[in-house]
$ cat target_37.cif   # mmCIF, C-alpha atoms and all ligand atoms
data_input
#
loop_
_atom_site.label_atom_id
_atom_site.label_comp_id
_atom_site.auth_asym_id
_atom_site.auth_seq_id
_atom_site.Cartn_x
_atom_site.Cartn_y
_atom_site.Cartn_z
CA MET Y 19 70.60 130.25 133.79
CA ASN Y 20 68.21 132.74 135.40
CA LYS Y 21 65.52 131.86 137.91
CA ARG Y 22 63.02 131.06 135.20
CA GLY Y 23 65.33 128.46 133.72
CA ARG Y 24 66.13 130.67 130.72
CA MET Y 25 69.64 131.12 129.51
CA ASP Y 26 71.03 134.58 130.29
CA ARG Y 27 73.45 136.45 128.00
CA ARG Y 28 76.57 135.43 129.94
CA SER Y 29 75.66 131.66 129.90
CA PHE Y 30 74.81 131.89 126.21
CA LEU Y 31 78.15 133.47 125.32
CA LYS Y 32 80.02 130.88 127.44
CA LEU Y 33 78.22 128.00 125.71
CA ALA Y 34 78.74 129.52 122.28
CA GLY Y 35 82.46 129.89 123.05
CA LEU Y 36 82.74 126.25 124.11
CA SER Y 37 80.88 125.06 121.02
CA PHE Y 38 83.15 127.08 118.79
CA THR Y 39 86.27 125.69 120.47
CA GLY Y 40 84.99 122.14 120.04
CA LEU Y 41 84.23 122.82 116.41
CA ALA Y 42 87.63 124.33 115.78
CA PHE Y 43 89.36 121.18 117.02
CA GLN Y 44 87.24 118.81 114.97
CA PRO Y 45 89.08 117.45 111.89
CA LEU Y 46 87.99 119.27 108.76
CA ALA Y 47 86.92 116.06 107.01
CA ASP Y 48 84.40 115.36 109.78
CA LEU Y 49 82.67 118.62 108.92
CA LEU Y 50 82.45 117.95 105.22
CA PRO Y 51 79.50 116.12 103.70
CA LYS Y 52 80.10 112.38 103.38
CA THR Y 53 80.32 111.05 99.84
CA VAL Y 54 78.75 108.09 98.08
CA PHE Y 55 80.99 105.61 96.28
CA ALA Y 56 79.29 103.13 94.01
CA LYS Y 57 82.10 101.63 91.94
CA ASP Y 58 82.81 98.57 94.05
CA GLY Y 59 79.80 96.54 95.13
CA LEU Y 60 76.50 98.11 96.04
CA PRO Y 61 76.26 101.84 96.49
CA THR Y 62 76.08 102.87 100.13
CA GLU Y 63 74.73 105.97 101.80
CA THR Y 64 77.70 107.18 103.79
CA LEU Y 65 81.42 106.59 104.15
CA ALA Y 66 80.74 105.37 107.68
CA LEU Y 67 79.29 102.16 106.23
CA GLN Y 68 82.36 101.46 104.11
CA LYS Y 69 85.70 99.92 104.92
CA TRP Y 70 88.41 100.28 102.31
CA ALA Y 71 91.08 97.67 101.67
CA MET Y 72 93.77 97.05 99.06
CA ALA Y 73 94.97 93.73 97.69
CA VAL Y 74 98.35 93.58 95.92
CA ASP Y 75 98.82 90.51 93.74
CA LEU Y 76 102.55 89.85 93.90
CA ASN Y 77 102.42 87.29 91.09
CA LEU Y 78 101.01 89.86 88.65
CA CYS Y 79 103.18 92.63 90.02
CA SER Y 80 106.37 90.65 89.43
CA LYS Y 81 105.58 90.12 85.74
CA LYS Y 82 106.77 93.52 84.53
CA ASP Y 83 110.42 94.31 85.17
CA ASN Y 84 111.25 97.69 86.69
CA CYS Y 85 107.59 98.70 86.65
CA ARG Y 86 106.84 102.15 88.13
CA ASP Y 87 103.25 102.59 86.98
CA CYS Y 88 101.83 103.03 90.49
CA ILE Y 89 104.70 105.14 91.82
CA ASP Y 90 104.70 107.54 88.86
CA ALA Y 91 100.92 108.03 88.95
CA CYS Y 92 100.95 108.72 92.68
CA THR Y 93 103.91 111.11 92.41
CA ARG Y 94 102.25 113.10 89.64
CA ILE Y 95 98.85 113.40 91.26
CA HIS Y 96 100.01 114.14 94.80
CA ASN Y 97 102.79 116.63 94.03
CA ILE Y 98 105.47 114.45 95.56
CA PRO Y 99 108.84 116.20 95.37
CA ASP Y 100 112.09 114.60 94.25
CA PHE Y 101 114.89 115.96 96.42
CA GLY Y 102 117.41 113.82 94.56
CA ASN Y 103 118.76 111.96 97.57
CA PRO Y 104 117.36 108.93 99.42
CA LYS Y 105 117.83 110.54 102.86
CA ASP Y 106 115.20 113.21 102.16
CA GLU Y 107 112.98 111.02 99.98
CA ILE Y 108 109.22 111.57 100.30
CA LYS Y 109 107.48 108.22 99.95
CA TRP Y 110 103.79 107.54 99.42
CA ILE Y 111 104.11 104.30 97.50
CA TRP Y 112 107.50 102.76 96.87
CA THR Y 113 109.11 99.36 96.39
CA ALA Y 114 111.33 97.24 98.60
CA PRO Y 115 112.72 93.69 98.34
CA TYR Y 116 110.39 90.88 99.50
CA LYS Y 117 112.85 89.68 102.11
CA ASP Y 118 112.89 93.16 103.71
CA VAL Y 119 109.13 93.73 103.53
CA PHE Y 120 108.28 90.27 104.82
CA LYS Y 121 111.29 89.46 106.98
CA ASP Y 122 109.15 87.15 109.10
CA GLN Y 123 107.73 85.33 106.05
CA ALA Y 124 110.72 84.72 103.78
CA HIS Y 125 112.42 81.35 104.10
CA ALA Y 126 114.73 79.05 102.12
CA PHE Y 127 111.87 77.85 99.87
CA THR Y 128 110.17 81.16 99.10
CA LYS Y 129 109.29 81.32 95.40
CA GLU Y 130 112.19 82.67 93.36
CA ILE Y 131 109.94 85.11 91.52
CA LEU Y 132 108.84 86.72 94.81
CA LEU Y 133 112.38 87.14 96.01
CA LYS Y 134 113.42 88.81 92.77
CA ALA Y 135 110.57 91.26 92.23
CA PRO Y 136 110.32 94.41 94.35
CA VAL Y 137 107.17 94.68 96.47
CA PRO Y 138 105.06 97.87 96.36
CA VAL Y 139 104.54 99.26 99.86
CA MET Y 140 102.56 102.18 101.26
CA CYS Y 141 100.73 103.27 104.40
CA ASN Y 142 98.74 100.26 105.59
CA HIS Y 143 95.86 102.35 106.94
CA CYS Y 144 96.07 100.14 110.00
CA GLU Y 145 92.95 99.25 111.98
CA HIS Y 146 94.91 100.15 115.13
CA PRO Y 147 97.34 102.82 113.93
CA PRO Y 148 100.09 103.61 116.44
CA CYS Y 149 100.84 106.83 114.53
CA VAL Y 150 97.41 108.24 115.43
CA LYS Y 151 97.81 107.47 119.13
CA VAL Y 152 101.00 109.48 119.52
CA CYS Y 153 100.09 112.63 117.55
CA PRO Y 154 99.86 115.48 120.08
CA THR Y 155 97.83 117.82 117.82
CA LYS Y 156 95.44 115.32 116.22
CA ALA Y 157 96.98 116.16 112.85
CA THR Y 158 96.56 112.52 111.96
CA TRP Y 159 93.38 110.59 112.63
CA LYS Y 160 91.43 107.60 111.44
CA ARG Y 161 88.19 108.06 109.52
CA GLU Y 162 85.25 105.72 109.95
CA ASP Y 163 85.91 104.24 106.52
CA GLY Y 164 89.39 103.26 107.73
CA ILE Y 165 91.53 105.89 105.98
CA VAL Y 166 94.28 107.29 108.19
CA MET Y 167 94.31 110.98 107.31
CA MET Y 168 96.83 113.80 107.64
CA ASP Y 169 96.02 117.47 108.19
CA TYR Y 170 99.13 119.27 106.97
CA HIS Y 171 98.05 122.53 108.65
CA ARG Y 172 97.84 120.91 112.06
CA CYS Y 173 101.14 119.06 111.79
CA ILE Y 174 103.79 120.67 114.00
CA GLY Y 175 106.59 118.45 112.66
CA CYS Y 176 107.32 116.66 115.95
CA ARG Y 177 107.66 113.37 113.97
CA TYR Y 178 106.26 111.23 116.81
CA CYS Y 179 104.08 109.53 114.16
CA MET Y 180 107.17 108.62 112.14
CA ALA Y 181 108.77 107.05 115.18
CA ALA Y 182 105.57 105.15 115.99
CA CYS Y 183 104.92 103.77 112.50
CA PRO Y 184 106.54 100.32 112.28
CA TYR Y 185 106.40 100.40 108.45
CA GLY Y 186 108.37 103.54 107.64
CA ALA Y 187 105.28 104.78 105.82
CA ARG Y 188 105.68 108.46 106.74
CA SER Y 189 108.09 111.03 105.36
CA PHE Y 190 109.19 114.43 106.59
CA ASN Y 191 109.77 117.55 104.51
CA TRP Y 192 113.14 118.83 105.64
CA ARG Y 193 112.97 121.53 102.98
CA ASN Y 194 110.31 123.44 101.05
CA PRO Y 195 109.14 120.77 98.59
CA ARG Y 196 107.62 123.08 95.95
CA PRO Y 197 110.80 123.73 93.91
CA PHE Y 198 111.38 119.95 93.76
CA ILE Y 199 108.03 119.02 92.22
CA LYS Y 200 108.37 118.25 88.52
CA SER Y 201 104.98 119.53 87.45
CA ILE Y 202 102.53 120.88 90.01
CA ASN Y 203 98.99 119.47 90.03
CA GLU Y 204 96.96 122.50 91.09
CA GLY Y 205 94.14 120.20 92.17
CA PHE Y 206 96.09 118.84 95.15
CA PRO Y 207 97.81 120.81 97.92
CA THR Y 208 101.57 121.03 98.04
CA ARG Y 209 103.11 120.68 101.48
CA THR Y 210 105.52 122.90 103.37
CA LYS Y 211 108.83 122.50 105.14
CA GLY Y 212 108.47 120.81 108.54
CA VAL Y 213 105.41 118.70 107.67
CA VAL Y 214 104.91 114.93 107.67
CA GLU Y 215 103.09 113.22 104.79
CA LYS Y 216 102.05 109.78 103.57
CA CYS Y 217 99.64 107.84 101.32
CA ASN Y 218 96.00 108.86 101.77
CA PHE Y 219 94.43 106.00 99.73
CA CYS Y 220 93.55 108.80 97.26
CA GLU Y 221 90.69 109.96 99.47
CA GLU Y 222 90.27 112.99 97.19
CA ARG Y 223 89.60 110.65 94.24
CA LEU Y 224 87.34 108.32 96.24
CA ALA Y 225 85.20 111.35 97.06
CA LYS Y 226 84.64 111.75 93.30
CA GLY Y 227 83.88 108.06 92.78
CA LEU Y 228 87.32 107.33 91.28
CA MET Y 229 89.70 104.52 92.13
CA PRO Y 230 93.07 105.37 93.70
CA ALA Y 231 95.57 106.59 91.09
CA CYS Y 232 97.93 103.63 91.64
CA VAL Y 233 95.13 101.12 91.04
CA GLU Y 234 94.05 102.88 87.86
CA ALA Y 235 97.61 103.19 86.53
CA CYS Y 236 98.73 99.60 87.14
CA SER Y 237 99.16 98.00 83.71
CA GLN Y 238 99.36 94.52 85.30
CA LYS Y 239 96.04 94.94 87.17
CA ALA Y 240 97.93 93.82 90.24
CA LEU Y 241 96.17 96.23 92.61
CA THR Y 242 92.57 95.76 93.67
CA PHE Y 243 90.90 98.31 95.90
CA GLY Y 244 87.41 98.49 97.32
CA ASP Y 245 84.95 98.27 100.14
CA ILE Y 246 85.30 94.98 102.01
CA ARG Y 247 81.82 95.47 103.48
CA ALA Y 248 80.10 95.59 100.10
CA PRO Y 249 78.48 92.23 99.26
CA ARG Y 250 79.77 92.26 95.66
CA SER Y 251 83.18 93.66 96.50
CA LYS Y 252 86.01 92.44 94.27
CA VAL Y 253 88.62 92.93 96.93
CA LYS Y 254 86.61 90.94 99.45
CA ALA Y 255 86.11 88.11 96.94
CA LEU Y 256 89.85 88.02 96.19
CA LEU Y 257 90.77 87.96 99.86
CA SER Y 258 88.30 85.17 100.58
CA ARG Y 259 89.57 83.07 97.69
CA ARG Y 260 93.31 83.63 97.69
CA TYR Y 261 96.01 83.24 100.31
CA SER Y 262 97.19 86.64 101.52
CA ILE Y 263 99.63 88.06 104.02
CA GLN Y 264 99.97 91.43 105.75
CA ARG Y 265 103.10 93.28 106.75
CA ARG Y 266 104.23 92.42 110.28
CA ALA Y 267 100.77 91.20 111.24
CA TYR Y 268 102.11 90.00 114.62
CA LEU Y 269 102.25 93.64 115.79
CA GLY Y 270 98.47 93.78 116.04
CA THR Y 271 98.17 96.92 113.92
CA GLU Y 272 95.90 95.06 111.45
CA PRO Y 273 97.00 96.52 108.11
CA VAL Y 274 94.28 96.72 105.44
CA VAL Y 275 96.81 96.36 102.63
CA TYR Y 276 96.96 92.65 101.84
CA TYR Y 277 99.48 90.83 99.64
CA LEU Y 278 98.23 87.93 97.53
CA LEU Y 279 100.83 85.21 96.99
FE1 LIG I 1 100.11 104.79 110.64
FE2 LIG I 1 102.23 103.53 109.63
FE3 LIG I 1 99.92 102.16 109.98
FE4 LIG I 1 100.11 104.06 108.06
S1 LIG I 1 101.27 102.13 108.18
S2 LIG I 1 98.42 103.81 109.56
S3 LIG I 1 101.46 105.56 109.01
S4 LIG I 1 101.20 103.06 111.58
#

$ encode --input "target_37.cif" --output "structure tokens" --more "lines below"
Ligand code: SF4
Amino acid sequence: MNKRGRMDRRSFLKLAGLSFTGLAFQPLADLLPKTVFAKDGLPTETLALQKWAMAVDLNLCSKKDNCRDCIDACTRIHNIPDFGNPKDEIKWIWTAPYKDVFKDQAHAFTKEILLKAPVPVMCNHCEHPPCVKVCPTKATWKREDGIVMMDYHRCIGCRYCMAACPYGARSFNWRNPRPFIKSINEGFPTRTKGVVEKCNFCEERLAKGLMPACVEACSQKALTFGDIRAPRSKVKALLSRRYSIQRRAYLGTEPVVYYLL
């Protein structure tokens, strides 16, 4: 500042530089206009007022043997590669046996049907996500609407987030995934070698007012997704009415994917 309290050229350039640096480190999504989503409950003005959650009805899910509706839809839409071996598998939504997913919940009298049917699992978009805390480049962060995001361009492949996630919900691209994608959806970015990825609750579809692809594709209507803050929210009504469990709730991560029994 000069004696008259006005900003001189040098101060201005310094301030402009600092502002630019701050801007450059802000996640891209924070700079984009917020979208309105009116499909579940009352329309709201901004994403900041919303809180997404998913309810998976295991009774409905178990009714169709070998069902892959949700997995196939997610794979197709998000350009998920198939490397042909489980070691390199990229998982956004996948299935696992009940007794593995809910080790702390299964007991000698658990319903037979639950033990038999595989449980769909994905990123839990935890309220307190340990993966976000450990990321050194802020390539993963939590939005105000609860979605835990990934910026593939910021990811340096350190895999701290994978080590921190207690649910195995993140996968690493050991190779260039593009040649291993069956049919590329040009509307969604493909990833590169050395990058971590995971379920994004179909944030790109939510921004257009669409339900997540897995929810839409489920022929059993076992998946319910929506804003738990909306007064007429279906997911909120289901969770208030039915008994539900979360994966490893004792860890304090507060998953927003609930399983209805
Ligand atoms: Fe992070 Fe794992 Fe929780 Fe997803 S499930 S938010 S990857 S800790």

$ closest_residue --input "target_37.cif" --among "Y:Lys216, Y:Lys156, Y:Arg177, Y:His171" --to "Trp192 of chain Y" --atoms "all atoms listed in the file"
Y:Arg177

$ atom_distance --input "target_37.cif" --atom1 "atom CA of Leu76 of chain Y" --atom2 "atom CA of Thr128 of chain Y"
12.7 Å

$ atom_distance --input "target_37.cif" --atom1 "atom CA of Asn103 of chain Y" --atom2 "atom CA of Ala187 of chain Y"
17.4 Å

$ closest_residue --input "target_37.cif" --among "Y:Leu228, Y:Val137, Y:Ile263, Y:Val275" --to "ligand LIG 1 (chain I)" --atoms "only C-alpha atoms and all ligand atoms"
Y:Val275

$ residues_around --input "target_37.cif" --residues "Ser258 of chain Y" --least-positions-apart "6" --cutoff "12 Å" --atoms "all atoms listed in the file" --output "list in words"
Ala73, Ile246, Ser251, Lys252, Tyr276 and Leu278 of chain Y

$ residues_near_ligand --input "target_37.cif" --ligand "ligand LIG 1 (chain I)" --cutoff "8 Å" --atoms "only C-alpha atoms and all ligand atoms" --output "JSON, numbers by chain"
{"Y": [140, 141, 142, 143, 144, 145, 146, 147, 148, 149, 150, 166, 179, 180, 182, 183, 184, 185, 186, 187, 188, 216, 217, 271, 273]}

$ atom_distance --input "target_37.cif" --atom1 "atom CA of Trp70 of chain Y" --atom2 "atom CA of Arg259 of chain Y"
17.9 Å

$ closest_residue --input "target_37.cif" --among "Y:Ile131, Y:Val74, Y:Val139, Y:Val213" --to "Lys109 of chain Y" --atoms "all atoms listed in the file"
Y:Val139

$ closest_residue --input "target_37.cif" --among "Y:Ala71, Y:Leu78, Y:Val253, Y:Leu224" --to "Ser237 of chain Y" --atoms "all atoms listed in the file"
Y:Leu78

$ closest_residue --input "target_37.cif" --among "Y:Arg196, Y:Lys151, Y:Pro138, Y:Arg209" --to "Tyr170 of chain Y" --atoms "all atoms listed in the file"
Y:Arg209

$ closest_residue --input "target_37.cif" --among "Y:Arg223, Y:Lys200, Y:Arg260, Y:Lys254" --to "Asn97 of chain Y" --atoms "all atoms listed in the file"
Y:Lys200

$ residues_around --input "target_37.cif" --residues "Val119 of chain Y" --least-positions-apart "4" --cutoff "7 Å" --atoms "only C-alpha atoms" --output "list in words"
Ala114, Pro115 and Arg265 of chain Y

$ residues_around --input "target_37.cif" --residues "segment 218-222 of chain Y" --least-positions-apart "2" --cutoff "12 Å" --atoms "only C-alpha atoms" --output "PyMOL selection string"
chain Y and resi 47+52-53+55+65+69-72+91-93+95-96+109-111+140-144+158-161+163-169+187-188+205-207+215-216+224-234+243-244+274-275

$ residues_around --input "target_37.cif" --residues "Arg193 of chain Y" --least-positions-apart "5" --cutoff "9 Å" --atoms "only C-alpha atoms" --output "PyMOL selection string"
chain Y and resi 101+106+210-212
